[in-house]
file input_13.txt (compact mmCIF, C-alpha atoms)
# COMPACT_ATOMS: atom_id res chain seq x y z
CA MET A 1 0.00 0.00 0.00
CA PRO A 2 1.48 3.40 -0.94
CA PRO A 3 2.21 5.74 1.98
CA LEU A 4 -0.51 8.25 2.75
CA VAL A 5 0.19 11.75 1.48
CA PRO A 6 -0.28 14.16 4.40
CA GLU A 7 -3.18 16.55 4.15
CA ASP A 8 -2.17 19.82 2.48
CA PHE A 9 1.21 18.35 1.50
CA ASP A 10 1.15 20.28 -1.78
CA LYS A 11 0.41 23.54 0.02
CA ASN A 12 2.80 23.26 2.94
CA VAL A 13 6.08 25.16 3.02
CA PHE A 14 8.53 24.20 5.75
CA ILE A 15 10.57 27.17 6.96
CA ASN A 16 14.12 26.58 8.13
CA CYS A 17 15.50 29.80 9.58
CA PRO A 18 16.83 31.27 12.83
CA PHE A 19 14.22 32.04 15.46
CA ASP A 20 15.86 34.99 17.12
CA GLN A 21 14.72 38.57 17.50
CA GLU A 22 17.24 39.75 14.91
CA TYR A 23 15.76 37.56 12.18
CA LEU A 24 12.19 38.72 12.81
CA SER A 25 12.64 41.52 10.29
CA LEU A 26 12.95 38.83 7.59
CA LEU A 27 10.71 36.17 9.11
CA ARG A 28 7.66 38.46 9.12
CA PRO A 29 7.76 39.29 5.38
CA LEU A 30 8.60 35.65 4.66
CA LEU A 31 5.47 34.43 6.46
CA PHE A 32 3.44 37.17 4.80
CA THR A 33 4.65 36.23 1.30
CA ILE A 34 3.90 32.53 1.73
CA LEU A 35 0.40 33.21 3.05
CA TYR A 36 -0.17 35.90 0.42
CA VAL A 37 0.32 33.42 -2.42
CA GLY A 38 -2.00 30.93 -0.73
CA PHE A 39 0.43 28.47 0.86
CA ASN A 40 0.84 27.32 4.48
CA PRO A 41 4.06 28.15 6.30
CA LYS A 42 5.13 25.26 8.54
CA ILE A 43 7.51 26.37 11.20
CA GLY A 44 9.02 24.82 14.32
CA LEU A 45 7.49 27.56 16.43
CA GLU A 46 3.93 26.65 15.48
CA SER A 47 3.35 24.59 18.57
CA SER A 48 5.30 24.07 21.74
CA ASP A 49 4.81 20.64 23.17
CA SER A 50 7.45 19.98 25.77
CA GLY A 51 6.83 16.27 25.38
CA GLU A 52 8.11 16.24 21.80
CA THR A 53 11.75 16.70 20.92
CA ARG A 54 12.57 19.53 18.57
CA ILE A 55 14.20 17.29 16.01
CA ASN A 56 11.14 15.00 15.83
CA LYS A 57 8.92 18.00 15.35
CA ILE A 58 11.16 19.26 12.54
CA CYS A 59 11.20 15.87 10.82
CA ASP A 60 7.40 15.76 10.99
CA LEU A 61 7.14 19.22 9.44
CA ILE A 62 9.61 18.31 6.67
CA ARG A 63 7.69 15.13 5.91
CA ALA A 64 4.39 17.04 5.81
CA SER A 65 5.64 19.74 3.40
CA LYS A 66 6.20 19.47 -0.32
CA TYR A 67 8.07 22.76 -0.30
CA SER A 68 10.71 24.22 1.97
CA ILE A 69 12.61 27.47 2.33
CA HIS A 70 16.03 27.42 3.98
CA ASP A 71 17.68 30.68 4.94
CA LEU A 72 21.41 30.15 5.38
CA SER A 73 22.20 33.83 5.78
CA ARG A 74 22.83 33.59 9.51
CA LEU A 75 25.22 30.66 9.71
CA GLN A 76 28.23 32.74 10.53
CA SER A 77 28.72 33.94 14.09
CA SER A 78 28.42 37.70 14.21
CA ARG A 79 29.87 38.31 17.68
CA ARG A 80 33.04 37.31 19.46
CA ASN A 81 32.70 33.91 21.19
CA GLU A 82 29.41 33.20 19.41
CA PHE A 83 29.22 29.68 17.97
CA TYR A 84 28.71 28.92 14.33
CA ARG A 85 25.01 28.13 13.81
CA MET A 86 24.49 24.61 12.56
CA ASN A 87 20.72 24.08 12.81
CA MET A 88 19.93 25.51 9.39
CA PRO A 89 22.41 23.41 7.35
CA PHE A 90 21.48 20.36 9.46
CA GLU A 91 17.78 20.77 8.66
CA LEU A 92 18.59 21.41 5.00
CA GLY A 93 20.46 18.09 5.08
CA ILE A 94 17.40 16.31 6.48
CA GLU A 95 15.28 17.90 3.75
CA TYR A 96 17.75 16.84 1.06
CA GLY A 97 17.98 13.30 2.41
CA CYS A 98 14.22 13.03 2.70
CA ARG A 99 13.82 13.89 -0.96
CA HIS A 100 16.87 12.00 -2.22
CA PHE A 101 16.20 8.65 -0.57
CA ALA A 102 12.43 8.67 -0.91
CA SER A 103 10.55 6.52 -3.38
CA ASP A 104 7.12 8.04 -2.88
CA HIS A 105 5.51 11.50 -2.94
CA LEU A 106 8.51 12.90 -1.03
CA ARG A 107 10.52 12.76 -4.27
CA ARG A 108 8.32 15.64 -5.47
CA LYS A 109 9.69 17.90 -2.76
CA ARG A 110 11.17 21.23 -3.89
CA CYS A 111 13.18 23.75 -1.94
CA LEU A 112 14.50 27.29 -2.00
CA ILE A 113 17.81 28.22 -0.41
CA LEU A 114 18.24 31.83 0.60
CA GLU A 115 21.47 33.62 1.36
CA LYS A 116 22.51 37.16 2.11
CA SER A 117 24.84 37.36 -0.90
CA ARG A 118 24.81 35.01 -3.84
CA HIS A 119 28.03 33.08 -3.13
CA ASP A 120 28.35 33.28 0.64
CA TYR A 121 27.14 29.74 1.28
CA ILE A 122 29.89 28.18 -0.84
CA LYS A 123 32.45 29.22 1.77
CA ALA A 124 30.79 27.03 4.40
CA LEU A 125 28.81 24.48 2.40
CA SER A 126 30.77 23.63 -0.71
CA ASP A 127 28.63 20.48 -1.19
CA LEU A 128 25.99 22.87 -2.46
CA SER A 129 28.08 24.31 -5.28
CA GLY A 130 26.07 24.35 -8.46
CA VAL A 131 22.79 24.56 -6.56
CA ASP A 132 20.67 27.54 -7.48
CA ILE A 133 20.14 29.87 -4.56
CA LYS A 134 18.61 33.30 -4.16
CA SER A 135 19.96 36.22 -2.16
CA HIS A 136 17.96 38.71 -0.12
CA GLN A 137 20.76 41.08 0.96
CA ASN A 138 19.17 41.11 4.42
CA LYS A 139 16.42 43.35 3.05
CA PRO A 140 12.77 42.37 3.57
CA GLU A 141 11.67 43.76 0.19
CA LYS A 142 14.40 41.74 -1.57
CA LEU A 143 13.33 38.65 0.35
CA ILE A 144 9.73 39.12 -0.82
CA ALA A 145 10.98 39.47 -4.42
CA ALA A 146 13.20 36.37 -4.14
CA VAL A 147 10.48 34.17 -2.63
CA ARG A 148 7.93 35.43 -5.15
CA SER A 149 10.29 34.54 -8.05
CA TRP A 150 10.74 31.05 -6.62
CA PHE A 151 6.99 30.54 -6.42
CA ILE A 152 6.79 31.44 -10.10
CA GLU A 153 9.85 29.52 -11.32
CA THR A 154 9.66 26.38 -9.19
CA VAL A 155 6.15 26.09 -7.83
CA GLY A 156 4.62 27.24 -11.11
CA LEU A 157 2.41 30.05 -9.84
CA ARG A 158 1.31 32.72 -12.31
CA ASN A 159 -0.52 36.03 -12.12
CA ILE A 160 0.95 37.08 -8.79
CA GLU A 161 1.19 40.80 -8.09
CA SER A 162 4.56 42.46 -8.70
CA PRO A 163 7.22 42.38 -5.98
CA THR A 164 6.66 46.09 -5.41
CA VAL A 165 2.91 45.66 -4.91
CA MET A 166 3.53 42.76 -2.54
CA TRP A 167 5.97 44.85 -0.53
CA TYR A 168 3.43 47.68 -0.31
CA GLN A 169 0.77 45.17 0.74
CA PHE A 170 3.08 44.03 3.50
CA THR A 171 3.60 47.60 4.73
CA ASP A 172 -0.17 48.19 4.59
CA PHE A 173 -0.63 45.04 6.63
CA THR A 174 1.92 46.16 9.24
CA SER A 175 0.04 49.48 9.64
CA ASP A 176 -3.34 47.78 10.09
CA PHE A 177 -1.80 45.17 12.34
CA TYR A 178 -0.19 47.85 14.52
CA GLU A 179 -3.41 49.88 14.69
CA LYS A 180 -5.65 46.94 15.57
CA ARG A 181 -3.31 45.41 18.14
CA LYS A 182 -2.89 48.80 19.82
CA SER A 183 -6.64 49.21 20.02
CA GLN A 184 -6.78 45.76 21.67
CA GLY A 185 -4.34 46.87 24.36
CA PHE A 186 -1.13 45.36 22.96
CA SER A 187 2.01 47.28 23.94
CA ASP A 188 4.89 47.85 21.50
CA GLU A 189 6.70 45.06 23.31
CA ASP A 190 3.71 42.69 23.03
CA ILE A 191 3.61 43.37 19.29
CA GLU A 192 7.36 42.89 18.93
CA GLU A 193 7.35 39.61 20.84
CA MET A 194 4.12 38.18 19.49
CA PRO A 195 4.25 34.38 19.08
CA VAL A 196 4.54 33.29 15.45
CA PRO A 197 1.21 31.37 15.30
CA GLU A 198 -0.62 34.45 16.57
CA TYR A 199 1.16 36.67 14.02
CA MET A 200 0.31 34.22 11.23
CA HIS A 201 -3.31 34.19 12.35
CA PHE A 202 -3.48 37.99 12.00
CA ILE A 203 -1.94 37.87 8.53
CA GLN A 204 -4.53 35.29 7.44
CA GLU A 205 -7.34 37.36 8.91
CA TRP A 206 -6.08 40.49 7.10
CA LEU A 207 -5.71 38.68 3.77
CA ARG A 208 -9.23 37.28 4.11
CA ARG A 209 -10.59 40.78 4.70
CA GLN A 210 -8.69 42.11 1.67
CA THR A 211 -10.22 39.41 -0.53
CA GLN A 212 -13.70 40.17 0.78
CA ASN A 213 -13.21 43.89 0.07
CA ASP A 214 -12.06 43.28 -3.53
CA MET B 215 -6.57 48.99 4.68
CA ALA B 216 -7.47 52.51 5.82
CA LYS B 217 -7.34 54.53 2.63
CA ASN B 218 -7.06 57.72 4.65
CA SER B 219 -3.43 57.33 5.45
CA HIS B 220 -0.01 58.21 4.12
CA HIS B 221 3.09 56.12 4.66
CA VAL B 222 6.83 56.60 4.47
CA VAL B 223 8.12 53.18 3.42
CA PRO B 224 11.47 51.79 2.21
CA ALA B 225 11.53 51.90 -1.60
CA PRO B 226 12.15 48.52 -3.26
CA ASN B 227 15.23 49.79 -5.08
CA GLY B 228 16.71 51.92 -2.33
CA GLY B 229 15.70 55.20 -0.75
CA TRP B 230 12.25 55.93 0.65
CA ASN B 231 8.80 56.36 -0.85
CA VAL B 232 5.72 58.19 0.30
CA LYS B 233 2.56 56.30 -0.60
CA LYS B 234 -1.12 56.43 0.21
CA GLY B 235 -2.58 53.57 2.20
CA GLY B 236 -3.76 50.83 -0.16
CA ALA B 237 -2.01 52.37 -3.17
CA GLU B 238 0.02 50.17 -5.50
CA ARG B 239 2.24 53.03 -6.57
CA ALA B 240 4.29 55.52 -4.63
CA SER B 241 3.35 59.19 -4.65
CA LYS B 242 6.95 60.35 -4.52
CA HIS B 243 10.46 58.94 -4.13
CA PHE B 244 13.24 60.30 -1.93
CA GLU B 245 16.83 59.31 -1.31
CA LYS B 246 16.71 60.32 2.35
CA LYS B 247 14.12 59.22 4.87
CA GLU B 248 14.03 62.62 6.54
CA ASP B 249 13.05 64.27 3.24
CA ALA B 250 10.31 61.68 2.71
CA VAL B 251 9.02 62.29 6.25
CA LYS B 252 8.99 66.05 5.74
CA TRP B 253 7.09 65.87 2.46
CA GLY B 254 4.75 63.11 3.58
CA GLN B 255 3.89 64.91 6.79
CA GLU B 256 2.93 68.02 4.85
CA ILE B 257 0.69 66.07 2.46
CA SER B 258 -0.84 64.16 5.35
CA LYS B 259 -1.59 67.38 7.26
CA ASN B 260 -3.14 68.98 4.20
CA GLN B 261 -5.34 65.97 3.49
CA GLY B 262 -6.12 65.21 7.14
CA THR B 263 -4.88 61.61 6.99
CA GLU B 264 -3.14 59.28 9.41
CA PHE B 265 0.61 59.41 8.89
CA TYR B 266 2.76 56.30 9.41
CA ILE B 267 6.52 56.24 9.35
CA HIS B 268 7.81 52.74 8.75
CA LYS B 269 11.13 51.24 9.80
CA ARG B 270 13.56 49.64 7.38
CA ASP B 271 11.87 46.26 8.01
CA GLY B 272 8.40 47.60 7.15
CA THR B 273 7.08 47.70 10.72
CA ILE B 274 5.83 50.92 12.31
CA GLU B 275 8.28 53.36 13.79
CA ARG B 276 5.86 56.18 14.52
CA LYS B 277 2.33 57.29 13.78
CA SER B 278 0.89 60.79 13.71
CA SER B 279 -2.79 61.56 13.53
CA HIS B 280 -3.77 64.34 11.19
CA GLY B 281 -7.21 62.93 10.59
CA ARG B 282 -10.08 62.20 12.90
CA ASP B 283 -8.45 59.37 14.76
CA PRO B 284 -11.02 57.75 17.04
CA ARG B 285 -8.22 56.55 19.28
CA PRO B 286 -5.41 59.10 19.30
CA PRO B 287 -2.16 57.65 20.62
CA ARG B 288 -1.43 58.82 24.14
CA ASP B 289 2.28 58.36 24.03
CA ARG B 290 3.02 59.62 20.56
CA ASP B 291 3.51 62.92 18.84
CA THR B 292 0.24 63.89 17.20
CA HIS B 293 1.39 67.06 15.37
CA LYS B 294 -1.96 68.74 15.93

call {"tool": "encode", "arguments": {"input": "input_13.txt", "output": "structure tokens"}}
result
Amino acid sequence: MPPLVPEDFDKNVFINCPFDQEYLSLLRPLLFTILYVGFNPKIGLESSDSGETRINKICDLIRASKYSIHDLSRLQSSRRNEFYRMNMPFELGIEYGCRHFASDHLRRKRCLILEKSRHDYIKALSDLSGVDIKSHQNKPEKLIAAVRSWFIETVGLRNIESPTVMWYQFTDFTSDFYEKRKSQGFSDEDIEEMPVPEYMHFIQEWLRRQTQND
Amino acid sequence: MAKNSHHVVPAPNGGWNVKKGGAERASKHFEKKEDAVKWGQEISKNQGTEFYIHKRDGTIERKSSHGRDPRPPRDRDTHK
């Protein structure tokens, strides 16, 4: 009997990125872009069950997602005595292995690798030479453009708004989001530290309203 | 999206743009953020709109109410 294909497999996008405050400026537009084009971001922060190990949770998310986005821009330590960050290349390796050794629907998996500059990753991960990657220059608007291009080139989407329009939509969303959360009693700090599932919920709600207003 | 708003946002190809809320095109482009803020603030005052200044990452740095804001911010400059 063939293995069951997880529900929404073709719509799920596993996100492999750092989960620190510094990366939020890229994580937010990344989540927005994926939801904007109608896909489901799957991220390790979606649920926190202390009874499940992180690596098991990540493997489950990788298995449940046809697509994945891996941001390798923060591998290098940026401060003295800070360790090199290995989680992202490790999870990319799991993703690659999952696709490479599979004989079922997992062979259909596709991924996007993001970097700050086009050839940075080669210095640390020469196994990936020849692999097509996209750079975001640490700029949210460039990240939106890169992810949008990938959805067109690799996922096969068409008729998506221009990168500029998507960026403006994101800034419109952040204004509405700020306004509404403030009116609900959220402080600047609450907004800044909002859990990812809650943030994603607000993006979905906003996108739904936009569609209804069209 | 509240159409009665003006925004200073990072321009996709560098610099800063002033745009109306919900617009798909910028009203004007500037190299420096301070120039965009100055011009945008003037337009916003004249048209009585909410004025948002965004950070480099697109989130909100500051808001000024030039319109009839039902909930004026208590801890922010309102430029009335």

call {"tool": "interface_residues", "arguments": {"input": "input_13.txt", "of": "chain B", "to": "chain A", "cutoff": "7 Å", "atoms": "only C-alpha atoms", "output": "MDAnalysis selection string"}}
result
chainID B and resid 215 226 235:236 238 271:274

call {"tool": "closest_residue", "arguments": {"input": "input_13.txt", "among": "A:Asp127, A:Glu52, A:Glu91, A:Glu193", "to": "His70 in chain A", "atoms": "all atoms listed in the file"}}
result
A:Glu91

call {"tool": "closest_residue", "arguments": {"input": "input_13.txt", "among": "B:Phe265, B:Trp230, B:Glu275, B:His220", "to": "Lys247 in chain B", "atoms": "all atoms listed in the file"}}
result
B:Trp230

call {"tool": "atom_distance", "arguments": {"input": "input_13.txt", "atom1": "CA of Arg148 in chain A", "atom2": "CA of Ile160 in chain A"}}
result
8.0 Å

call {"tool": "residues_around", "arguments": {"input": "input_13.txt", "residues": "Leu207 in chain A", "least_positions_apart": "3", "cutoff": "10 Å", "atoms": "all atoms listed in the file", "output": "PyMOL selection string"}}
result
chain A and resi 32+35-36+38+169+173+201-204+210-213

call {"tool": "atom_distance", "arguments": {"input": "input_13.txt", "atom1": "CA of Gly262 in chain B", "atom2": "CA of Val232 in chain B"}}
result
15.4 Å
